[in-house]
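Text of the file query26.txt, holding compact mmCIF, C-alpha atoms:
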# COMPACT_ATOMS: atom_id res chain seq x y z
CA MET Y 1 0.00 0.00 0.00
CA ILE Y 2 1.29 3.43 -0.88
CA LEU Y 3 0.80 5.95 1.87
CA CYS Y 4 0.17 9.63 1.36
CA LEU Y 5 2.95 11.36 3.27
CA VAL Y 6 4.26 14.79 2.32
CA LYS Y 7 6.95 16.82 4.01
CA PRO Y 8 6.69 20.62 4.43
CA ASN Y 9 9.60 22.85 3.46
CA CYS Y 10 10.95 22.87 7.00
CA ALA Y 11 11.75 19.88 9.17
CA ARG Y 12 10.24 19.51 12.61
CA ALA Y 13 12.25 20.98 15.44
CA LEU Y 14 14.18 18.41 17.41
CA GLN Y 15 12.46 17.94 20.76
CA LYS Y 16 14.19 16.79 23.92
CA THR Y 17 12.76 13.57 25.32
CA ALA Y 18 13.92 10.93 27.73
CA PHE Y 19 16.78 8.79 26.49
CA THR Y 20 15.50 5.42 27.68
CA LYS Y 21 11.82 5.60 26.75
CA VAL Y 22 9.35 7.32 24.48
CA SER Y 23 7.23 9.23 26.95
CA ASN Y 24 4.02 10.06 25.11
CA THR Y 25 1.25 7.47 25.60
CA ALA Y 26 0.13 7.62 21.98
CA GLN Y 27 3.70 7.14 20.87
CA ARG Y 28 4.13 4.14 23.12
CA ARG Y 29 1.37 2.37 21.21
CA LEU Y 30 3.50 2.70 18.10
CA LEU Y 31 6.45 0.85 19.56
CA ASN Y 32 5.23 -2.41 18.04
CA ILE Y 33 6.12 -0.91 14.63
CA SER Y 34 9.71 -1.73 13.87
CA CYS Y 35 12.17 0.44 11.99
CA GLN Y 36 15.38 -0.29 10.17
CA VAL Y 37 18.68 1.33 11.02
CA GLU Y 38 21.46 1.57 8.44
CA GLN Y 39 24.74 3.43 8.36
CA LEU Y 40 24.97 5.37 5.10
CA LYS Y 41 28.57 4.67 4.16
CA THR Y 42 28.24 6.62 0.92
CA ARG Y 43 27.45 9.86 2.75
CA GLY Y 44 29.92 12.18 4.46
CA LEU Y 45 29.90 15.48 6.36
CA VAL Y 46 31.55 18.87 6.02
CA ARG Y 47 31.54 21.35 8.90
CA VAL Y 48 31.01 25.01 7.91
CA SER Y 49 31.26 27.60 10.68
CA GLY Y 50 31.80 31.31 11.20
CA ASP Y 51 29.94 34.55 11.87
CA ASP Y 52 28.94 34.91 8.20
CA VAL Y 53 28.13 31.25 7.56
CA GLY Y 54 24.40 31.85 6.93
CA SER Y 55 24.84 34.55 4.29
CA PHE Y 56 27.76 32.62 2.77
CA LEU Y 57 25.69 29.47 2.17
CA GLN Y 58 22.67 31.52 1.14
CA GLY Y 59 24.49 32.61 -2.00
CA ILE Y 60 25.60 29.15 -3.14
CA VAL Y 61 22.75 26.72 -2.33
CA THR Y 62 19.34 26.37 -3.97
CA ASN Y 63 17.28 26.54 -0.77
CA ASP Y 64 16.68 29.39 1.67
CA MET Y 65 19.05 29.24 4.64
CA ARG Y 66 16.69 31.45 6.64
CA HIS Y 67 14.58 28.36 7.34
CA LEU Y 68 17.38 27.09 9.58
CA GLU Y 69 17.39 30.40 11.41
CA ASP Y 70 13.68 29.85 12.19
CA ASN Y 71 14.32 26.77 14.37
CA CYS Y 72 14.24 24.23 11.55
CA LYS Y 73 16.77 21.49 12.14
CA SER Y 74 17.53 20.25 8.61
CA LEU Y 75 17.27 21.52 5.05
CA PHE Y 76 17.53 19.77 1.69
CA SER Y 77 19.43 21.71 -0.95
CA MET Y 78 21.76 21.42 -3.92
CA PHE Y 79 24.97 23.08 -5.01
CA LEU Y 80 24.96 24.06 -8.69
CA ASN Y 81 27.59 25.22 -11.14
CA THR Y 82 27.27 28.49 -13.05
CA LYS Y 83 25.40 26.70 -15.84
CA GLY Y 84 22.67 25.56 -13.43
CA ARG Y 85 23.71 21.90 -13.33
CA VAL Y 86 23.92 19.86 -10.14
CA LEU Y 87 27.30 19.45 -8.49
CA TYR Y 88 26.24 18.01 -5.12
CA ASP Y 89 22.96 17.19 -3.44
CA SER Y 90 23.06 17.89 0.28
CA ILE Y 91 21.20 18.00 3.57
CA ILE Y 92 22.28 20.89 5.77
CA TYR Y 93 21.94 20.33 9.52
CA ASN Y 94 21.61 22.85 12.30
CA THR Y 95 23.85 22.02 15.27
CA ASN Y 96 24.19 22.89 18.93
CA TYR Y 97 27.36 24.81 18.10
CA GLN Y 98 27.02 28.52 17.47
CA ASN Y 99 27.15 29.60 13.80
CA THR Y 100 27.94 26.04 12.72
CA TYR Y 101 26.27 23.80 10.15
CA PHE Y 102 27.00 20.24 9.06
CA VAL Y 103 26.64 19.71 5.30
CA GLU Y 104 25.99 16.14 4.17
CA CYS Y 105 26.91 15.02 0.67
CA ASP Y 106 28.21 12.00 -1.23
CA SER Y 107 31.41 10.78 0.44
CA GLU Y 108 33.16 10.48 -2.94
CA GLY Y 109 32.57 14.18 -3.57
CA LEU Y 110 33.51 15.35 -0.09
CA SER Y 111 36.93 16.77 -0.97
CA ASP Y 112 35.48 18.42 -4.09
CA LEU Y 113 32.77 20.06 -2.00
CA VAL Y 114 35.36 21.40 0.44
CA ARG Y 115 37.30 22.93 -2.48
CA HIS Y 116 34.08 24.34 -3.94
CA LEU Y 117 33.16 26.02 -0.65
CA LYS Y 118 36.65 27.41 -0.13
CA MET Y 119 36.68 28.84 -3.65
CA TYR Y 120 33.60 30.97 -2.91
CA ARG Y 121 34.63 31.83 0.65
CA VAL Y 122 36.89 34.63 -0.65
CA ARG Y 123 37.84 36.74 2.42
CA ARG Y 124 35.01 35.74 4.72
CA LYS Y 125 35.99 34.37 8.11
CA ILE Y 126 34.51 30.94 7.44
CA ASP Y 127 36.04 27.66 8.58
CA ILE Y 128 35.46 24.69 6.27
CA ASP Y 129 36.67 21.18 7.03
CA SER Y 130 35.70 17.55 6.47
CA ILE Y 131 34.52 15.72 9.60
CA ASP Y 132 34.02 12.37 7.91
CA ASN Y 133 36.38 10.73 10.40
CA GLU Y 134 34.53 12.17 13.40
CA PHE Y 135 30.85 11.73 12.53
CA LYS Y 136 28.79 9.21 10.58
CA VAL Y 137 25.37 9.44 8.94
CA TRP Y 138 22.66 6.87 9.71
CA ALA Y 139 19.10 6.40 8.43
CA LEU Y 140 16.04 5.29 10.40
CA PHE Y 141 13.29 4.14 8.03
CA ASN Y 142 10.34 1.79 7.59
CA PRO Y 143 10.11 0.04 4.20
CA ILE Y 144 6.61 -1.26 4.99
CA SER Y 145 5.32 2.31 4.78
CA ILE Y 146 5.61 2.20 0.98
CA GLU Y 147 4.86 -1.48 0.35
CA ILE Y 148 4.01 -1.86 -3.34
CA PRO Y 149 2.57 -5.17 -4.63
CA SER Y 150 4.79 -6.28 -7.51
CA ASN Y 151 1.76 -7.34 -9.59
CA ASN Y 152 -0.01 -4.02 -9.12
CA PHE Y 153 2.79 -1.47 -9.40
CA LYS Y 154 1.03 0.53 -12.11
CA SER Y 155 -2.30 0.82 -10.31
CA SER Y 156 -1.49 3.42 -7.65
CA LYS Y 157 -4.37 5.88 -7.50
CA GLN Y 158 -3.69 9.37 -8.74
CA GLU Y 159 -5.91 10.84 -6.03
CA GLN Y 160 -3.10 9.91 -3.65
CA VAL Y 161 -0.92 12.52 -5.35
CA VAL Y 162 -1.17 15.77 -3.40
CA PRO Y 163 0.54 19.17 -3.61
CA CYS Y 164 4.00 19.10 -2.08
CA THR Y 165 3.37 22.45 -0.40
CA MET Y 166 0.56 21.13 1.81
CA PRO Y 167 1.16 20.40 5.51
CA ASN Y 168 2.41 17.00 6.56
CA PHE Y 169 -0.27 14.32 6.75
CA GLU Y 170 -0.65 11.73 9.49
CA ASP Y 171 2.44 9.61 9.77
CA LYS Y 172 0.90 6.25 8.92
CA ALA Y 173 4.36 4.71 8.87
CA GLY Y 174 4.44 5.29 12.62
CA LEU Y 175 7.93 6.75 12.66
CA THR Y 176 7.37 10.47 13.23
CA PHE Y 177 8.06 10.07 16.93
CA LEU Y 178 11.59 8.87 16.11
CA ASN Y 179 12.42 12.48 15.30
CA ASP Y 180 11.87 13.25 18.98
CA LEU Y 181 14.37 10.71 20.28
CA VAL Y 182 17.55 11.84 21.98
CA LEU Y 183 20.22 9.19 21.62
CA GLY Y 184 22.71 10.56 24.12
CA ASP Y 185 25.16 13.42 23.78
CA SER Y 186 27.01 11.89 20.84
CA ALA Y 187 24.08 11.55 18.41
CA SER Y 188 21.32 13.81 17.07
CA VAL Y 189 18.14 12.78 15.24
CA TYR Y 190 16.75 14.88 12.38
CA ALA Y 191 13.60 14.43 10.31
CA ASP Y 192 14.50 13.89 6.67
CA PRO Y 193 13.56 17.26 5.12
CA ARG Y 194 12.67 15.76 1.75
CA LEU Y 195 9.81 13.36 2.54
CA SER Y 196 8.21 12.02 5.70
CA SER Y 197 8.33 8.56 4.13
CA LEU Y 198 12.13 8.71 4.13
CA GLY Y 199 12.16 8.61 7.93
CA SER Y 200 14.98 10.20 9.92
CA ARG Y 201 18.68 10.90 9.71
CA VAL Y 202 21.03 10.43 12.65
CA ILE Y 203 24.36 12.26 12.93
CA ALA Y 204 26.51 10.34 15.40
CA ARG Y 205 30.06 10.16 16.63
CA ASP Y 206 32.12 7.57 14.82
CA SER Y 207 32.27 5.38 17.94
CA GLU Y 208 28.50 5.38 18.55
CA ASN Y 209 26.48 2.23 17.74
CA ILE Y 210 23.12 3.64 16.71
CA VAL Y 211 21.43 0.24 16.49
CA ASP Y 212 22.11 -0.34 20.18
CA ALA Y 213 21.13 3.24 21.06
CA VAL Y 214 17.75 2.96 19.30
CA GLN Y 215 17.06 -0.39 20.96
CA ARG Y 216 17.96 1.02 24.38
CA ALA Y 217 15.42 3.77 23.74
CA GLY Y 218 12.75 1.08 23.53
CA ILE Y 219 12.34 0.97 19.75
CA LYS Y 220 12.21 -2.36 17.95
CA VAL Y 221 14.87 -2.57 15.23
CA GLU Y 222 14.26 -4.86 12.27
CA THR Y 223 17.43 -6.77 11.42
CA SER Y 224 16.23 -9.39 8.91
CA SER Y 225 14.60 -7.25 6.21
CA PRO Y 226 15.98 -7.74 2.67
CA CYS Y 227 15.27 -4.09 1.86
CA SER Y 228 18.30 -1.78 2.03
CA TYR Y 229 18.02 2.00 2.29
CA ARG Y 230 19.10 2.36 -1.34
CA MET Y 231 16.36 -0.04 -2.44
CA PHE Y 232 13.92 1.88 -0.25
CA ARG Y 233 14.83 5.18 -1.93
CA TYR Y 234 14.50 3.67 -5.39
CA ARG Y 235 10.98 2.48 -4.62
CA LEU Y 236 10.12 6.06 -3.69
CA GLY Y 237 11.88 7.47 -6.74
CA VAL Y 238 14.37 9.57 -4.75
CA GLY Y 239 17.93 9.92 -5.98
CA GLU Y 240 21.04 11.04 -4.11
CA GLY Y 241 24.77 10.97 -4.66
CA ILE Y 242 27.04 11.51 -7.63
CA GLN Y 243 26.18 8.20 -9.31
CA GLU Y 244 22.46 8.94 -9.50
CA LEU Y 245 22.99 12.68 -9.98
CA PRO Y 246 26.15 12.79 -12.13
CA MET Y 247 28.22 15.85 -11.30
CA GLY Y 248 27.66 18.66 -13.79
CA LYS Y 249 25.37 16.58 -16.02
CA CYS Y 250 21.86 16.92 -14.58
CA PHE Y 251 19.51 19.72 -13.65
CA PRO Y 252 17.96 20.19 -10.20
CA LEU Y 253 14.34 20.01 -11.37
CA GLU Y 254 15.06 16.76 -13.26
CA ALA Y 255 16.22 15.40 -9.88
CA ASN Y 256 12.90 16.50 -8.32
CA CYS Y 257 14.63 19.11 -6.20
CA ASP Y 258 11.51 21.29 -6.35
CA TYR Y 259 9.15 18.46 -5.34
CA LEU Y 260 11.50 17.48 -2.49
CA HIS Y 261 11.47 21.01 -1.05
CA GLY Y 262 15.08 21.65 -1.99
CA VAL Y 263 14.82 24.90 -3.96
CA SER Y 264 13.45 28.34 -3.15
CA PHE Y 265 12.09 30.46 -5.98
CA HIS Y 266 11.76 33.53 -3.74
CA LYS Y 267 15.12 33.90 -1.97
CA GLY Y 268 16.97 35.79 -4.67
CA CYS Y 269 20.25 35.08 -6.42
CA TYR Y 270 22.49 32.06 -5.96
CA ILE Y 271 24.92 30.24 -8.20
CA GLY Y 272 22.97 28.57 -11.03
CA GLN Y 273 19.74 30.40 -10.15
CA GLU Y 274 18.97 31.90 -13.55
CA LEU Y 275 18.40 28.69 -15.51
CA THR Y 276 16.64 26.99 -12.58
CA ALA Y 277 14.19 29.87 -12.16
CA ARG Y 278 13.55 30.16 -15.91
CA THR Y 279 12.82 26.43 -16.21
CA HIS Y 280 10.44 26.59 -13.25
CA HIS Y 281 8.52 29.59 -14.52
CA THR Y 282 8.17 28.25 -18.06
CA GLY Y 283 6.83 25.03 -16.55
CA VAL Y 284 8.70 22.79 -18.99
CA VAL Y 285 10.42 19.84 -17.29
CA ARG Y 286 10.15 16.87 -19.64
CA LYS Y 287 12.40 14.45 -17.74
CA ARG Y 288 12.49 13.52 -14.07
CA LEU Y 289 13.84 10.75 -11.87
CA MET Y 290 11.21 8.02 -11.49
CA PRO Y 291 11.03 4.61 -9.77
CA LEU Y 292 11.31 1.43 -11.84
CA LEU Y 293 10.17 -1.99 -10.67
CA LEU Y 294 11.80 -4.81 -12.63
CA GLU Y 295 10.33 -8.28 -13.05
CA SER Y 296 13.63 -9.88 -12.08
CA GLU Y 297 16.83 -8.77 -10.41
CA LEU Y 298 19.49 -6.89 -12.31
CA SER Y 299 22.96 -7.09 -10.82
CA SER Y 300 24.58 -3.74 -10.12
CA GLY Y 301 27.58 -5.00 -12.09
CA ASP Y 302 25.40 -5.49 -15.16
CA PHE Y 303 24.45 -1.88 -15.65
CA SER Y 304 26.16 1.39 -16.34
CA VAL Y 305 24.98 4.94 -15.71
CA ASP Y 306 22.94 6.20 -18.68
CA MET Y 307 22.06 2.68 -19.85
CA ALA Y 308 18.99 2.98 -22.07
CA VAL Y 309 15.48 2.29 -20.76
CA GLU Y 310 13.21 1.40 -23.68
CA ALA Y 311 9.56 0.60 -24.28
CA ALA Y 312 9.10 -3.17 -24.24
CA THR Y 313 6.15 -3.03 -26.64
CA GLY Y 314 4.91 -0.72 -29.39
CA ASP Y 315 6.65 1.12 -32.20
CA LYS Y 316 8.91 3.38 -30.13
CA LYS Y 317 12.46 2.87 -31.34
CA THR Y 318 14.22 5.49 -29.27
CA PRO Y 319 15.01 5.18 -25.54
CA ILE Y 320 12.54 6.89 -23.21
CA GLY Y 321 14.91 7.08 -20.27
CA LYS Y 322 18.30 6.39 -18.76
CA LEU Y 323 19.09 4.10 -15.86
CA ARG Y 324 20.67 5.85 -12.90
CA GLY Y 325 20.82 3.08 -10.31
CA VAL Y 326 19.67 -0.45 -9.52
CA GLU Y 327 19.33 -2.55 -6.36
CA LYS Y 328 17.94 -6.06 -6.87
CA ASN Y 329 14.63 -5.55 -8.71
CA CYS Y 330 14.25 -1.87 -7.84
CA ALA Y 331 15.79 0.79 -10.02
CA LEU Y 332 15.88 4.52 -10.61
CA GLY Y 333 15.65 6.10 -14.04
CA LEU Y 334 15.76 9.56 -15.56
CA MET Y 335 12.61 9.20 -17.65
CA ARG Y 336 10.71 11.18 -20.23
CA ILE Y 337 7.59 11.57 -18.14
CA VAL Y 338 4.85 11.44 -20.78
CA GLU Y 339 6.37 8.58 -22.77
CA ALA Y 340 7.19 6.53 -19.66
CA LEU Y 341 3.64 6.72 -18.32
CA GLU Y 342 2.08 5.95 -21.71
CA VAL Y 343 3.72 2.54 -22.18
CA SER Y 344 2.60 -0.52 -20.27
CA LYS Y 345 6.03 -2.17 -20.08
CA LEU Y 346 9.61 -0.95 -20.02
CA ARG Y 347 12.80 -2.87 -20.79
CA VAL Y 348 16.28 -2.55 -19.30
CA LYS Y 349 18.63 -4.80 -21.25
CA ASN Y 350 16.55 -8.00 -21.48
CA ILE Y 351 14.55 -7.40 -18.27
CA GLU Y 352 11.06 -5.95 -18.38
CA GLY Y 353 9.54 -3.69 -15.77
CA GLU Y 354 7.15 -0.85 -15.04
CA THR Y 355 7.17 2.68 -13.72
CA VAL Y 356 4.66 4.86 -11.91
CA ARG Y 357 4.14 8.52 -11.13
CA PRO Y 358 5.45 8.85 -7.53
CA PHE Y 359 2.64 9.46 -5.05
CA TRP Y 360 4.44 12.47 -3.58
CA TRP Y 361 4.56 14.42 -6.84
CA PRO Y 362 2.14 17.38 -6.79
CA GLN Y 363 -1.08 17.32 -8.74
CA GLU Y 364 -0.34 19.78 -11.55
CA LEU Y 365 -2.69 21.62 -13.90
CA PRO Y 366 -1.79 22.46 -17.50
CA LYS Y 367 0.15 25.71 -17.48
CA GLU Y 368 -2.27 27.50 -19.80
CA ARG Y 369 -5.16 26.61 -17.48
CA MET Y 370 -3.31 28.01 -14.47
CA ASP Y 371 -2.52 31.20 -16.37
CA THR Y 372 -6.10 31.88 -17.46
CA GLY Y 373 -7.84 30.71 -14.30
CA ARG Y 374 -10.14 28.37 -16.27
CA THR Y 375 -11.43 25.17 -14.62
Go ahead and render the structure in this file as structure tokens.
Amino acid sequence: MILCLVKPNCARALQKTAFTKVSNTAQRRLLNISCQVEQLKTRGLVRVSGDDVGSFLQGIVTNDMRHLEDNCKSLFSMFLNTKGRVLYDSIIYNTNYQNTYFVECDSEGLSDLVRHLKMYRVRRKIDIDSIDNEFKVWALFNPISIEIPSNNFKSSKQEQVVPCTMPNFEDKAGLTFLNDLVLGDSASVYADPRLSSLGSRVIARDSENIVDAVQRAGIKVETSSPCSYRMFRYRLGVGEGIQELPMGKCFPLEANCDYLHGVSFHKGCYIGQELTARTHHTGVVRKRLMPLLLESELSSGDFSVDMAVEAATGDKKTPIGKLRGVEKNCALGLMRIVEALEVSKLRVKNIEGETVRPFWWPQELPKERMDTGRT
């Protein structure tokens, strides 16, 4: 069953609760719902600090840093080049340290991000350093919250698609209360700012065992599920990292940055802003990352980035998408939206599969109808 969960632009504020138990009575009833805990070894952290850190980041990220000044704890954003193409996707975390943010990005691009930040620092008194050896990134998530029957992948109801700007709906996955956990002094829990369905992120000291910490807090941790966090993201149609978002080769709106609350169209200028704003206001985004469900498993060694995704039936001779990642029978593709939703079957190499419009995409009207006000 696909659940209707949408995240507002700001994450919930991190509340202080007891370390050993979840105190609220209603939350206690949810403790029979298990979660998975996974260290995200492909993600790293950069610490950015200084008196001018807010204004510094405001000019080089797609989102509005002022949200973090309004007690939000985490913010999804992207760093673009001057041509408006994605360099790094990131989650920016507020910390308990004054004028200090942690910036999460793909661990393979960590040193490049540090150089990128230092290049634009100019003469500002900003300290920038990698803390990948000090802190690790973990994910708390519940794959059951987006369970999709393999024989009914195409039949998700469009009325479940709601505007991404609406307030967060009831957390039917039962994991919202995890954002209120305090796992000791060496770990902090943050709601994932992109989607409620993605669960929570944990920033912890390298020596901290988050699985044990979550279990000590009275939460059941699922250890036998075959679903990894990567597979979980693919089923949602959410990409991250330089493999799925090749550096300098994709655009933020193609990566659903707007639908995932990662770009502000009101904040003013930032690097790469001109093309991003023009694309948004013209309303023409023909390709986006979409989930693919394959009928059999495709080994990660059997695919390459940009491998063609074709229609399995019909007269279409040209590819309608490119593969960006695969985990078992779940994959992620940069698809031509109209063509991908028109065909009944897709093919990757010799394996057939299907795609679907993600439930968290907003319900959009034709641009000319919005302009004229006609119904």
Non-local contacts of Ala308 (chain Y) (8 Å; all atoms listed in the file; under 2 positions in same chain excluded) as a list in words = Asp306, Glu310, Pro319, Ile320, Gly321, Lys322, Leu323, Val348 and Lys349 of chain Y
Of the candidates Y:His67, Y:Lys328, Y:Arg278, Y:Arg216, which shows the shortest atom-to-atom distance to Arg230 (chain Y), using all atoms listed in the file?
->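 Closest candidate: Y:Lys328.
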So which residues are close to (10.6, -1.3, -24.8), meaning at most 12 Å away in the file's coordinates with all atoms listed in the file counted, and can you show them as a PDB file with C-alpha atoms, in the coordinates of the input?
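And here is the file that came out, selection.pdb:
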ATOM      1  CA  ALA Y 308      18.990   2.980 -22.070  1.00  0.00           C
ATOM      2  CA  VAL Y 309      15.480   2.290 -20.760  1.00  0.00           C
ATOM      3  CA  GLU Y 310      13.210   1.400 -23.680  1.00  0.00           C
ATOM      4  CA  ALA Y 311       9.560   0.600 -24.280  1.00  0.00           C
ATOM      5  CA  ALA Y 312       9.100  -3.170 -24.240  1.00  0.00           C
ATOM      6  CA  THR Y 313       6.150  -3.030 -26.640  1.00  0.00           C
ATOM      7  CA  GLY Y 314       4.910  -0.720 -29.390  1.00  0.00           C
ATOM      8  CA  ASP Y 315       6.650   1.120 -32.200  1.00  0.00           C
ATOM      9  CA  LYS Y 316       8.910   3.380 -30.130  1.00  0.00           C
ATOM     10  CA  LYS Y 317      12.460   2.870 -31.340  1.00  0.00           C
ATOM     11  CA  THR Y 318      14.220   5.490 -29.270  1.00  0.00           C
ATOM     12  CA  PRO Y 319      15.010   5.180 -25.540  1.00  0.00           C
ATOM     13  CA  ILE Y 320      12.540   6.890 -23.210  1.00  0.00           C
ATOM     14  CA  GLY Y 321      14.910   7.080 -20.270  1.00  0.00           C
ATOM     15  CA  GLU Y 339       6.370   8.580 -22.770  1.00  0.00           C
ATOM     16  CA  ALA Y 340       7.190   6.530 -19.660  1.00  0.00           C
ATOM     17  CA  GLU Y 342       2.080   5.950 -21.710  1.00  0.00           C
ATOM     18  CA  VAL Y 343       3.720   2.540 -22.180  1.00  0.00           C
ATOM     19  CA  SER Y 344       2.600  -0.520 -20.270  1.00  0.00           C
ATOM     20  CA  LYS Y 345       6.030  -2.170 -20.080  1.00  0.00           C
ATOM     21  CA  LEU Y 346       9.610  -0.950 -20.020  1.00  0.00           C
ATOM     22  CA  ARG Y 347      12.800  -2.870 -20.790  1.00  0.00           C
ATOM     23  CA  VAL Y 348      16.280  -2.550 -19.300  1.00  0.00           C
ATOM     24  CA  LYS Y 349      18.630  -4.800 -21.250  1.00  0.00           C
ATOM     25  CA  ASN Y 350      16.550  -8.000 -21.480  1.00  0.00           C
ATOM     26  CA  ILE Y 351      14.550  -7.400 -18.270  1.00  0.00           C
ATOM     27  CA  GLU Y 352      11.060  -5.950 -18.380  1.00  0.00           C
ATOM     28  CA  GLY Y 353       9.540  -3.690 -15.770  1.00  0.00           C
ATOM     29  CA  GLU Y 354       7.150  -0.850 -15.040  1.00  0.00           C
TER      30      GLU Y 354
END
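The gap separating CA of Asp64 (chain Y) from CA of Val284 (chain Y) is 23.1 Å, in Å to one decimal.
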Report the distance between CA of Pro193 (chain Y) and CA of Val37 (chain Y) in Å, rounded to one decimal place.
-> 17.7 Å
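Shortest separation to Val61 (chain Y) among Y:Pro143, Y:Gly283, Y:Gly272, Y:Pro291 occurs at residue Y:Gly272, atoms counted being all atoms listed in the file.
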From the list Y:Met231, Y:Cys72, Y:Val202, Y:Leu113, the nearest residue to Phe135 (chain Y) using only C-alpha atoms is Y:Val202
Kindly indicate which residue among Y:Leu253, Y:Met65, Y:Leu294, Y:Cys35 lies nearest to Glu222 (chain Y), using all atoms listed in the file for the distances.
->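 The answer is Y:Cys35, which sits nearest to Glu222 (chain Y).
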Identify the residues around (16.2, -1.8, -11.5) within a radius of 7 Å, measuring from only C-alpha atoms in the coordinates stated by the file, and give them as an MDAnalysis selection string.
-> chainID Y and resid 292:294 298 325:332
Kindly indicate which residue among Y:Leu289, Y:Val305, Y:Val86, Y:Ser299 lies nearest to Arg357 (chain Y), using all atoms listed in the file for the distances.
-> Y:Leu289
Contacts of Leu275 (chain Y) at 10 Å or less, counting all atoms listed in the file, minus same-chain residues fewer than 4 places along, as a list in words?
-> Thr82, Lys83, Gly84, Arg85, Phe251, Ile271, Thr279, His280 and His281 of chain Y
Which residue out of Y:Glu104, Y:Asp185, Y:Asp112, Y:Asp89 has the minimum interatomic distance to Ala204 (chain Y) when all atoms listed in the file are used?
->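 Between Y:Glu104, Y:Asp185, Y:Asp112, Y:Asp89, the residue approaching Ala204 (chain Y) most closely is Y:Asp185.
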Neighbour list for Val46 (chain Y) as a count of residues only, cut-off 6 Å, all atoms listed in the file, skip fewer than 5 positions in-chain = 5
Which polymer residues have any atom within 6 Å of an atom of Ser200 (chain Y), counting all atoms listed in the file, with same-chain residues fewer than 2 positions away left out, as a PDB file with C-alpha atoms, in the frame of the given file?
ATOM      1  CA  ALA Y 139      19.100   6.400   8.430  1.00  0.00           C
ATOM      2  CA  LEU Y 140      16.040   5.290  10.400  1.00  0.00           C
ATOM      3  CA  TYR Y 190      16.750  14.880  12.380  1.00  0.00           C
ATOM      4  CA  ALA Y 191      13.600  14.430  10.310  1.00  0.00           C
ATOM      5  CA  ASP Y 192      14.500  13.890   6.670  1.00  0.00           C
TER       6      ASP Y 192
END
